[in-house]
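Student: Got a structure here, written out as structure tokens. Questions coming.
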Amino acid sequence: MPDTSNGSTSTKTMGALTVGGLVAVTAYTAALGSNGWLWFGWVVLGLITLAMVATHGA
């Protein structure tokens with residue numbers, strides 16, 4: 001069982017969601033055209049992930 005007391009599992013999960021979100025938004029853009037709200041949402045998700053990584057290292 002992984003040790004979640006240090007938050008590394010949640011940080012890895014957020015990283016995976018961010019990368020998966022990038023793949024999904026890119027696929028949507030390629031198939032149906034650009035949607036600014038999707039890109040905005042991905043940027044917000046990326047910033048939240050970066051904040052989690054920064055606070056985890058502190």
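How things are named: the first chain in the structure tokens is A, the next is B, and so on; residues count from 1 in each chain; ligands count from 1 in the order shown.
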As an NGL selection string, please: the residues near A:Ala24 (cut-off 10 Å, only C-alpha atoms, same-chain neighbours under 5 positions excluded).

Tutor: :A and (18-19 or 29-30 or 38 or 42)

Student: Would you list the contacts of A:Leu45 as a PyMOL selection string, taking every protein, DNA or RNA residue within 10 Å and counting only C-alpha atoms, but skipping same-chain residues closer than 5 positions in sequence?

Tutor: chain A and resi 14-15+17-19+21-22+39-40+50-51

Student: Could you tell me how far atom CA of A:Asn35 sits from atom CA of A:Leu47, in Å to one decimal place?

Tutor: 18.9 Å

Student: If you run DSSP on the backbone, which residues of chain A are alpha helix (DSSP H), as a PyMOL selection string?

Tutor: chain A and resi 8-32+36-57

Student: Could you pull the residues within 10 Å of A:Lys12, counting only C-alpha atoms, minus those fewer than 4 positions along the same chain, as a ChimeraX atom specification?

Tutor: /A:7-8,16-18,49,52-53
